[in-house]
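Novice: Handing over protein-v1.cif, mmCIF, C-alpha atoms; chains and numbers go by the auth columns.
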data_input
#
loop_
_atom_site.group_PDB
_atom_site.id
_atom_site.type_symbol
_atom_site.label_atom_id
_atom_site.label_comp_id
_atom_site.label_asym_id
_atom_site.label_seq_id
_atom_site.Cartn_x
_atom_site.Cartn_y
_atom_site.Cartn_z
_atom_site.B_iso_or_equiv
_atom_site.auth_seq_id
_atom_site.auth_asym_id
ATOM 1 C CA MET A 1 -8.187 19.572 -5.680 0.00 1 T
ATOM 2 C CA ARG A 2 -11.626 21.116 -5.899 0.00 2 T
ATOM 3 C CA VAL A 3 -14.458 19.265 -4.152 0.00 3 T
ATOM 4 C CA PRO A 4 -17.858 20.361 -5.518 0.00 4 T
ATOM 5 C CA ASP A 5 -19.853 22.529 -3.100 0.00 5 T
ATOM 6 C CA ALA A 6 -22.868 20.196 -3.303 0.00 6 T
ATOM 7 C CA ILE A 7 -20.731 17.338 -1.954 0.00 7 T
ATOM 8 C CA VAL A 8 -19.166 19.512 0.764 0.00 8 T
ATOM 9 C CA ASP A 9 -22.659 20.655 1.814 0.00 9 T
ATOM 10 C CA ARG A 10 -23.700 17.021 2.331 0.00 10 T
ATOM 11 C CA MET A 11 -20.368 15.882 3.805 0.00 11 T
ATOM 12 C CA PRO A 12 -18.632 18.907 5.379 0.00 12 T
ATOM 13 C CA GLN A 13 -15.671 16.789 6.510 0.00 13 T
ATOM 14 C CA LEU A 14 -14.557 16.608 2.841 0.00 14 T
ATOM 15 C CA GLY A 15 -14.089 20.393 2.807 0.00 15 T
ATOM 16 C CA VAL A 16 -10.603 19.895 4.232 0.00 16 T
ATOM 17 C CA LEU A 17 -9.557 18.404 0.879 0.00 17 T
ATOM 18 C CA THR A 18 -9.724 21.905 -0.603 0.00 18 T
ATOM 19 C CA ASP A 19 -7.116 23.164 1.887 0.00 19 T
ATOM 20 C CA GLU A 20 -3.500 23.622 0.864 0.00 20 T
ATOM 21 C CA TRP A 21 -1.017 20.876 1.664 0.00 21 T
ATOM 22 C CA GLU A 22 1.419 21.588 4.469 0.00 22 T
ATOM 23 C CA PRO A 23 4.787 22.713 3.071 0.00 23 T
ATOM 24 C CA VAL A 24 7.760 20.367 3.003 0.00 24 T
ATOM 25 C CA SER A 25 11.216 21.801 3.648 0.00 25 T
ATOM 26 C CA ARG A 26 13.832 21.426 0.933 0.00 26 T
ATOM 27 C CA GLY A 27 15.993 19.200 3.162 0.00 27 T
ATOM 28 C CA ALA A 28 13.074 16.925 4.026 0.00 28 T
ATOM 29 C CA ALA A 29 12.016 16.729 0.375 0.00 29 T
ATOM 30 C CA ILE A 30 15.508 15.685 -0.702 0.00 30 T
ATOM 31 C CA ALA A 31 15.844 13.170 2.148 0.00 31 T
ATOM 32 C CA TRP A 32 12.482 11.581 1.291 0.00 32 T
ATOM 33 C CA ILE A 33 13.310 11.398 -2.419 0.00 33 T
ATOM 34 C CA VAL A 34 16.599 9.661 -1.565 0.00 34 T
ATOM 35 C CA PHE A 35 14.703 7.270 0.734 0.00 35 T
ATOM 36 C CA TYR A 36 12.247 6.391 -2.040 0.00 36 T
ATOM 37 C CA ALA A 37 15.067 5.907 -4.561 0.00 37 T
ATOM 38 C CA VAL A 38 16.804 3.515 -2.149 0.00 38 T
ATOM 39 C CA MET A 39 13.503 1.695 -1.499 0.00 39 T
ATOM 40 C CA LEU A 40 12.762 1.338 -5.214 0.00 40 T
ATOM 41 C CA VAL A 41 16.212 -0.150 -5.815 0.00 41 T
ATOM 42 C CA SER A 42 15.747 -2.461 -2.829 0.00 42 T
ATOM 43 C CA VAL A 43 12.322 -3.569 -4.074 0.00 43 T
ATOM 44 C CA ALA A 44 13.656 -4.134 -7.601 0.00 44 T
ATOM 45 C CA THR A 45 16.565 -6.235 -6.333 0.00 45 T
ATOM 46 C CA SER A 46 14.694 -7.957 -3.470 0.00 46 T
ATOM 47 C CA GLY A 47 17.086 -6.197 -1.141 0.00 47 T
ATOM 48 C CA VAL A 48 17.235 -6.453 2.618 0.00 48 T
ATOM 49 C CA LEU A 49 15.503 -3.114 3.225 0.00 49 T
ATOM 50 C CA SER A 50 12.381 -4.071 1.289 0.00 50 T
ATOM 51 C CA GLN A 51 12.324 -7.509 2.917 0.00 51 T
ATOM 52 C CA LEU A 52 12.518 -5.908 6.371 0.00 52 T
ATOM 53 C CA MET A 53 9.652 -3.560 5.517 0.00 53 T
ATOM 54 C CA ASP A 54 7.589 -6.493 4.243 0.00 54 T
ATOM 55 C CA LEU A 55 8.080 -8.252 7.594 0.00 55 T
ATOM 56 C CA VAL A 56 6.193 -5.384 9.227 0.00 56 T
ATOM 57 C CA PHE A 57 3.114 -6.457 7.273 0.00 57 T
ATOM 58 C CA VAL A 58 3.250 -10.178 8.186 0.00 58 T
ATOM 59 C CA PRO A 59 1.540 -9.705 11.589 0.00 59 T
ATOM 60 C CA ILE A 60 -0.959 -7.326 9.967 0.00 60 T
ATOM 61 C CA HIS A 61 -1.783 -9.977 7.351 0.00 61 T
ATOM 62 C CA GLU A 62 -2.132 -12.708 9.963 0.00 62 T
ATOM 63 C CA GLY A 63 -4.144 -10.353 12.165 0.00 63 T
ATOM 64 C CA GLY A 64 -6.557 -9.892 9.273 0.00 64 T
ATOM 65 C CA HIS A 65 -7.303 -13.606 9.315 0.00 65 T
ATOM 66 C CA LEU A 66 -8.005 -13.463 13.049 0.00 66 T
ATOM 67 C CA LEU A 67 -10.092 -10.304 12.743 0.00 67 T
ATOM 68 C CA PHE A 68 -12.332 -11.670 9.986 0.00 68 T
ATOM 69 C CA ARG A 69 -12.585 -15.300 11.121 0.00 69 T
ATOM 70 C CA PHE A 70 -16.162 -14.826 12.372 0.00 70 T
ATOM 71 C CA PHE A 71 -17.513 -13.696 8.983 0.00 71 T
ATOM 72 C CA GLY A 72 -17.273 -16.976 7.104 0.00 72 T
ATOM 73 C CA GLU A 73 -14.440 -18.915 5.523 0.00 73 T
ATOM 74 C CA TRP A 74 -14.045 -16.850 2.339 0.00 74 T
ATOM 75 C CA ILE A 75 -13.832 -13.546 4.249 0.00 75 T
ATOM 76 C CA TYR A 76 -11.552 -15.197 6.820 0.00 76 T
ATOM 77 C CA VAL A 77 -9.106 -16.261 4.105 0.00 77 T
ATOM 78 C CA ALA A 78 -9.317 -12.963 2.182 0.00 78 T
ATOM 79 C CA GLY A 79 -9.085 -10.943 5.405 0.00 79 T
ATOM 80 C CA GLY A 80 -5.314 -11.319 5.632 0.00 80 T
ATOM 81 C CA THR A 81 -4.621 -9.612 2.323 0.00 81 T
ATOM 82 C CA PHE A 82 -7.460 -7.154 2.893 0.00 82 T
ATOM 83 C CA LEU A 83 -5.989 -5.888 6.170 0.00 83 T
ATOM 84 C CA GLN A 84 -2.448 -5.950 4.748 0.00 84 T
ATOM 85 C CA LEU A 85 -3.597 -3.462 2.087 0.00 85 T
ATOM 86 C CA PHE A 86 -6.215 -1.604 4.125 0.00 86 T
ATOM 87 C CA VAL A 87 -3.866 -0.452 6.899 0.00 87 T
ATOM 88 C CA PRO A 88 -1.457 1.579 4.719 0.00 88 T
ATOM 89 C CA LEU A 89 -4.347 2.846 2.548 0.00 89 T
ATOM 90 C CA ALA A 90 -6.324 4.015 5.575 0.00 90 T
ATOM 91 C CA LEU A 91 -3.231 5.746 6.958 0.00 91 T
ATOM 92 C CA ALA A 92 -2.625 7.438 3.592 0.00 92 T
ATOM 93 C CA VAL A 93 -6.200 8.753 3.649 0.00 93 T
ATOM 94 C CA TYR A 94 -5.713 9.949 7.223 0.00 94 T
ATOM 95 C CA PHE A 95 -2.590 11.910 6.295 0.00 95 T
ATOM 96 C CA ALA A 96 -4.291 13.269 3.168 0.00 96 T
ATOM 97 C CA PHE A 97 -7.068 14.681 5.368 0.00 97 T
ATOM 98 C CA ARG A 98 -4.374 16.185 7.605 0.00 98 T
ATOM 99 C CA ARG A 99 -2.818 17.639 4.401 0.00 99 T
ATOM 100 C CA GLN A 100 0.597 16.171 5.240 0.00 100 T
ATOM 101 C CA VAL A 101 2.529 15.289 2.108 0.00 101 T
ATOM 102 C CA PRO A 102 5.269 13.052 3.634 0.00 102 T
ATOM 103 C CA GLY A 103 2.826 10.905 5.618 0.00 103 T
ATOM 104 C CA THR A 104 0.433 10.549 2.699 0.00 104 T
ATOM 105 C CA ALA A 105 3.225 9.583 0.311 0.00 105 T
ATOM 106 C CA PHE A 106 4.886 7.165 2.742 0.00 106 T
ATOM 107 C CA CYS A 107 1.679 5.253 3.437 0.00 107 T
ATOM 108 C CA ALA A 108 0.569 5.291 -0.212 0.00 108 T
ATOM 109 C CA PHE A 109 4.004 4.038 -1.278 0.00 109 T
ATOM 110 C CA PHE A 110 3.782 1.067 1.085 0.00 110 T
ATOM 111 C CA PHE A 111 0.174 0.400 0.099 0.00 111 T
ATOM 112 C CA PHE A 112 1.375 -0.128 -3.469 0.00 112 T
ATOM 113 C CA GLU A 113 4.609 -1.832 -2.387 0.00 113 T
ATOM 114 C CA GLN A 114 2.516 -4.487 -0.658 0.00 114 T
ATOM 115 C CA PHE A 115 1.052 -5.444 -4.040 0.00 115 T
ATOM 116 C CA LEU A 116 4.409 -7.117 -4.783 0.00 116 T
ATOM 117 C CA PRO A 117 4.448 -9.694 -1.949 0.00 117 T
ATOM 118 C CA VAL A 118 0.727 -10.245 -2.554 0.00 118 T
ATOM 119 C CA ALA A 119 1.560 -10.974 -6.201 0.00 119 T
ATOM 120 C CA VAL A 120 4.283 -13.426 -5.151 0.00 120 T
ATOM 121 C CA TYR A 121 1.752 -15.192 -2.918 0.00 121 T
ATOM 122 C CA MET A 122 -0.806 -15.244 -5.746 0.00 122 T
ATOM 123 C CA ALA A 123 1.682 -16.687 -8.232 0.00 123 T
ATOM 124 C CA ASP A 124 2.480 -19.469 -5.770 0.00 124 T
ATOM 125 C CA SER A 125 -1.126 -20.709 -5.673 0.00 125 T
ATOM 126 C CA ARG A 126 -0.658 -23.869 -7.713 0.00 126 T
ATOM 127 C CA CYS A 127 3.018 -24.500 -6.888 0.00 127 T
ATOM 128 C CA GLN A 128 2.857 -23.835 -3.136 0.00 128 T
ATOM 129 C CA CYS A 129 6.644 -23.685 -3.034 0.00 129 T
ATOM 130 C CA LEU A 130 6.953 -20.829 -0.539 0.00 130 T
ATOM 131 C CA THR A 131 7.510 -21.140 3.195 0.00 131 T
ATOM 132 C CA TYR A 132 4.455 -19.805 5.024 0.00 132 T
ATOM 133 C CA VAL A 133 3.929 -18.017 8.301 0.00 133 T
ATOM 134 C CA THR A 134 0.657 -18.778 10.032 0.00 134 T
ATOM 135 C CA VAL A 135 -1.234 -18.360 13.251 0.00 135 T
ATOM 136 C CA GLY A 136 -2.360 -21.637 14.769 0.00 136 T
ATOM 137 C CA ASP A 137 -1.838 -25.207 13.606 0.00 137 T
ATOM 138 C CA SER A 138 0.465 -25.277 10.564 0.00 138 T
ATOM 139 C CA ASP A 139 -0.906 -28.696 9.532 0.00 139 T
ATOM 140 C CA THR A 140 -4.296 -27.183 8.714 0.00 140 T
ATOM 141 C CA VAL A 141 -2.994 -24.186 6.773 0.00 141 T
ATOM 142 C CA ILE A 142 -4.939 -23.153 3.696 0.00 142 T
ATOM 143 C CA HIS A 143 -2.983 -21.322 1.007 0.00 143 T
ATOM 144 C CA ASP A 144 -4.977 -18.074 0.811 0.00 144 T
ATOM 145 C CA TRP A 145 -4.822 -17.604 -2.935 0.00 145 T
ATOM 146 C CA LEU A 146 -5.234 -21.286 -3.805 0.00 146 T
ATOM 147 C CA TYR A 147 -8.489 -21.170 -1.873 0.00 147 T
ATOM 148 C CA LEU A 148 -9.627 -17.775 -3.205 0.00 148 T
ATOM 149 C CA PHE A 149 -8.715 -18.430 -6.844 0.00 149 T
ATOM 150 C CA SER A 150 -10.231 -21.928 -6.721 0.00 150 T
ATOM 151 C CA SER A 151 -13.453 -20.591 -5.217 0.00 151 T
ATOM 152 C CA VAL A 152 -13.952 -18.174 -8.125 0.00 152 T
ATOM 153 C CA GLY A 153 -12.641 -20.533 -10.816 0.00 153 T
ATOM 154 C CA VAL A 154 -9.501 -18.672 -11.888 0.00 154 T
ATOM 155 C CA LEU A 155 -6.774 -20.832 -10.361 0.00 155 T
ATOM 156 C CA GLU A 156 -5.199 -21.597 -13.755 0.00 156 T
ATOM 157 C CA HIS A 157 -4.638 -17.834 -14.212 0.00 157 T
ATOM 158 C CA ASP A 158 -2.766 -17.316 -10.940 0.00 158 T
ATOM 159 C CA THR A 159 0.486 -16.173 -12.548 0.00 159 T
ATOM 160 C CA GLN A 160 -1.245 -13.825 -15.008 0.00 160 T
ATOM 161 C CA ILE A 161 -3.280 -12.208 -12.227 0.00 161 T
ATOM 162 C CA ALA A 162 -0.125 -11.931 -10.124 0.00 162 T
ATOM 163 C CA ALA A 163 1.675 -10.193 -13.010 0.00 163 T
ATOM 164 C CA VAL A 164 -1.105 -7.595 -13.264 0.00 164 T
ATOM 165 C CA VAL A 165 -1.043 -7.016 -9.500 0.00 165 T
ATOM 166 C CA ARG A 166 2.760 -6.682 -9.587 0.00 166 T
ATOM 167 C CA GLY A 167 2.495 -4.167 -12.443 0.00 167 T
ATOM 168 C CA LEU A 168 -0.110 -2.135 -10.562 0.00 168 T
ATOM 169 C CA GLY A 169 2.172 -2.097 -7.533 0.00 169 T
ATOM 170 C CA TRP A 170 5.076 -0.718 -9.549 0.00 170 T
ATOM 171 C CA ILE A 171 2.898 1.873 -11.282 0.00 171 T
ATOM 172 C CA GLY A 172 1.490 2.965 -7.921 0.00 172 T
ATOM 173 C CA MET A 173 4.897 3.215 -6.240 0.00 173 T
ATOM 174 C CA LEU A 174 6.378 5.239 -9.099 0.00 174 T
ATOM 175 C CA ALA A 175 3.301 7.491 -9.297 0.00 175 T
ATOM 176 C CA THR A 176 3.433 8.078 -5.537 0.00 176 T
ATOM 177 C CA VAL A 177 7.113 9.037 -5.648 0.00 177 T
ATOM 178 C CA GLY A 178 6.437 11.309 -8.630 0.00 178 T
ATOM 179 C CA TRP A 179 3.493 12.941 -6.834 0.00 179 T
ATOM 180 C CA PHE A 180 5.590 13.434 -3.702 0.00 180 T
ATOM 181 C CA ALA A 181 8.495 14.960 -5.639 0.00 181 T
ATOM 182 C CA VAL A 182 6.259 17.402 -7.513 0.00 182 T
ATOM 183 C CA ARG A 183 4.214 18.342 -4.438 0.00 183 T
ATOM 184 C CA ALA A 184 7.219 18.672 -2.097 0.00 184 T
ATOM 185 C CA LEU A 185 9.403 20.565 -4.544 0.00 185 T
ATOM 186 C CA ARG A 186 6.482 22.858 -5.410 0.00 186 T
ATOM 187 C CA SER A 187 6.068 23.715 -1.731 0.00 187 T
ATOM 188 C CA THR A 188 9.806 24.425 -1.337 0.00 188 T
ATOM 189 C CA ALA A 189 9.680 26.682 -4.420 0.00 189 T
ATOM 190 C CA THR A 190 6.674 28.518 -2.953 0.00 190 T
ATOM 191 C CA GLU A 191 8.514 28.957 0.345 0.00 191 T
ATOM 192 C CA ALA A 192 11.588 30.298 -1.451 0.00 192 T
ATOM 193 C CA ALA A 193 9.493 32.739 -3.476 0.00 193 T
ATOM 194 C CA SER A 194 7.672 34.041 -0.392 0.00 194 T
ATOM 195 C CA ALA A 195 10.997 34.469 1.457 0.00 195 T
ATOM 196 C CA GLU A 196 12.318 36.844 -1.225 0.00 196 T
#
Hey, can you dump this file as structure tokens for me?
Specialist:
Amino acid sequence: MRVPDAIVDRMPQLGVLTDEWEPVSRGAAIAWIVFYAVMLVSVATSGVLSQLMDLVFVPIHEGGHLLFRFFGEWIYVAGGTFLQLFVPLALAVYFAFRRQVPGTAFCAFFFFEQFLPVAVYMADSRCQCLTYVTVGDSDTVIHDWLYLFSSVGVLEHDTQIAAVVRGLGWIGMLATVGWFAVRALRSTATEAASAE
């Protein structure tokens, strides 16, 4: 990726994005590709592995509510989903600046994977059929997306919006795995060529 010199002159920290990615060994590349294949199957079938990974994000989501509670009700309610998505995205950016392919791909994959439980939560706005986890008094719980969609006047489109979010999650996960495979296998091919 080529960052224009004018931008690098103003923000020198972006110069690292012109550096080469760290190589990935053939064994690691294959192991990661197998991991992502297993995860994609688990996500598609609502398997145990994807459900366990989603549980990691529950305290992050709830922590987002606590973190943003001082900024007004709308931000407080939106803060759960914001932090749930921000944490893996921020980590993906961190690993991208470190030029580490596995870390970048792993965090980007789970950034997009989290679109799926968010979409389930969105689609439940009117029904409110799900069992919820909350911090504090469960009698005063506000359904995040019922509140957010109602506040912007799109509650009747909850399932359509959820379908778009779900689709974006799948596109992002598949694109991330594809990017990882190409980048990792390219680095193993480069290593093999330089070893000859």
Novice: Please indicate the distance in Å from atom CA of T:Gly80 to atom CA of T:Gly63, rounded to one decimal place.
Specialist: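 Interatomic distance here is 6.7 Å.
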Novice: Since I can't run it myself right now, could you work out what the PyMOL selection byres ((chain T and resi 115-132) around 10) selects here and report it as a count of residues only?
Specialist: 42
Novice: Expressed in Å to a single decimal, how great is the separation between atom CA of T:Ala105 and atom CA of T:Ala184?
Specialist: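 Result for atom CA of T:Ala105 versus atom CA of T:Ala184: 10.2 Å, one decimal.
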Novice: In Å to one decimal, how far is atom CA of T:Ser42 from atom CA of T:Phe86?
Specialist: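 Computed distance, atom CA of T:Phe86 to atom CA of T:Ser42, equals 23.1 Å.
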Novice: On this structure, the PyMOL selection byres ((chain T and resi 11-18) around 12) would catch which residues? List them as an mmCIF file with C-alpha atoms, in the frame of the given file, sorted by chain and number.
Specialist:
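Ended up saving to part.cif:
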data_model
loop_
_atom_site.group_PDB
_atom_site.id
_atom_site.type_symbol
_atom_site.label_atom_id
_atom_site.label_comp_id
_atom_site.auth_asym_id
_atom_site.auth_seq_id
_atom_site.Cartn_x
_atom_site.Cartn_y
_atom_site.Cartn_z
ATOM 1 C CA MET T 1 -8.187 19.572 -5.680
ATOM 2 C CA ARG T 2 -11.626 21.116 -5.899
ATOM 3 C CA VAL T 3 -14.458 19.265 -4.152
ATOM 4 C CA PRO T 4 -17.858 20.361 -5.518
ATOM 5 C CA ASP T 5 -19.853 22.529 -3.100
ATOM 6 C CA ALA T 6 -22.868 20.196 -3.303
ATOM 7 C CA ILE T 7 -20.731 17.338 -1.954
ATOM 8 C CA VAL T 8 -19.166 19.512 0.764
ATOM 9 C CA ASP T 9 -22.659 20.655 1.814
ATOM 10 C CA ARG T 10 -23.700 17.021 2.331
ATOM 11 C CA ASP T 19 -7.116 23.164 1.887
ATOM 12 C CA GLU T 20 -3.500 23.622 0.864
ATOM 13 C CA TRP T 21 -1.017 20.876 1.664
ATOM 14 C CA GLU T 22 1.419 21.588 4.469
ATOM 15 C CA VAL T 93 -6.200 8.753 3.649
ATOM 16 C CA TYR T 94 -5.713 9.949 7.223
ATOM 17 C CA PHE T 95 -2.590 11.910 6.295
ATOM 18 C CA ALA T 96 -4.291 13.269 3.168
ATOM 19 C CA PHE T 97 -7.068 14.681 5.368
ATOM 20 C CA ARG T 98 -4.374 16.185 7.605
ATOM 21 C CA ARG T 99 -2.818 17.639 4.401
ATOM 22 C CA GLN T 100 0.597 16.171 5.240
#
Novice: My list of candidates is T:Val182, T:Leu55, T:Ser50, T:Thr176. Which is closest to T:Val38 when distances are computed with only C-alpha atoms?
Specialist: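 So, comparing all the options, the nearest one is T:Ser50.
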Novice: Residues picked by the PyMOL selection byres ((chain T and resi 32) around 10) here, as a PyMOL selection string?
Specialist: chain T and resi 26-31+33-38+102+105-106+177+180-181+184
Novice: Point out the residue among T:Ala108, T:Phe70, T:Leu89, T:Val48 with the least atom-to-atom distance to T:Gly178, counting all atoms listed in the file.
Specialist: T:Ala108
Novice: Padding 5 Å on each side, edges along x, y and z: where is the centre of the box around the listed atoms of stretch 31-48 of chain T, and how long are its edges in Å to one decimal? Output it as JSON.
Specialist:
{"center_x": 14.7, "center_y": 2.6, "center_z": -2.5, "size_x": 15.0, "size_y": 31.1, "size_z": 20.2}
Novice: In terms of the shortest atom-to-atom distance over all atoms listed in the file, which of T:Leu49, T:Val87, T:Val24, T:Ile142 is closest to T:Trp74?
Specialist: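 Of the candidates, the smallest distance to T:Trp74 is held by T:Ile142.
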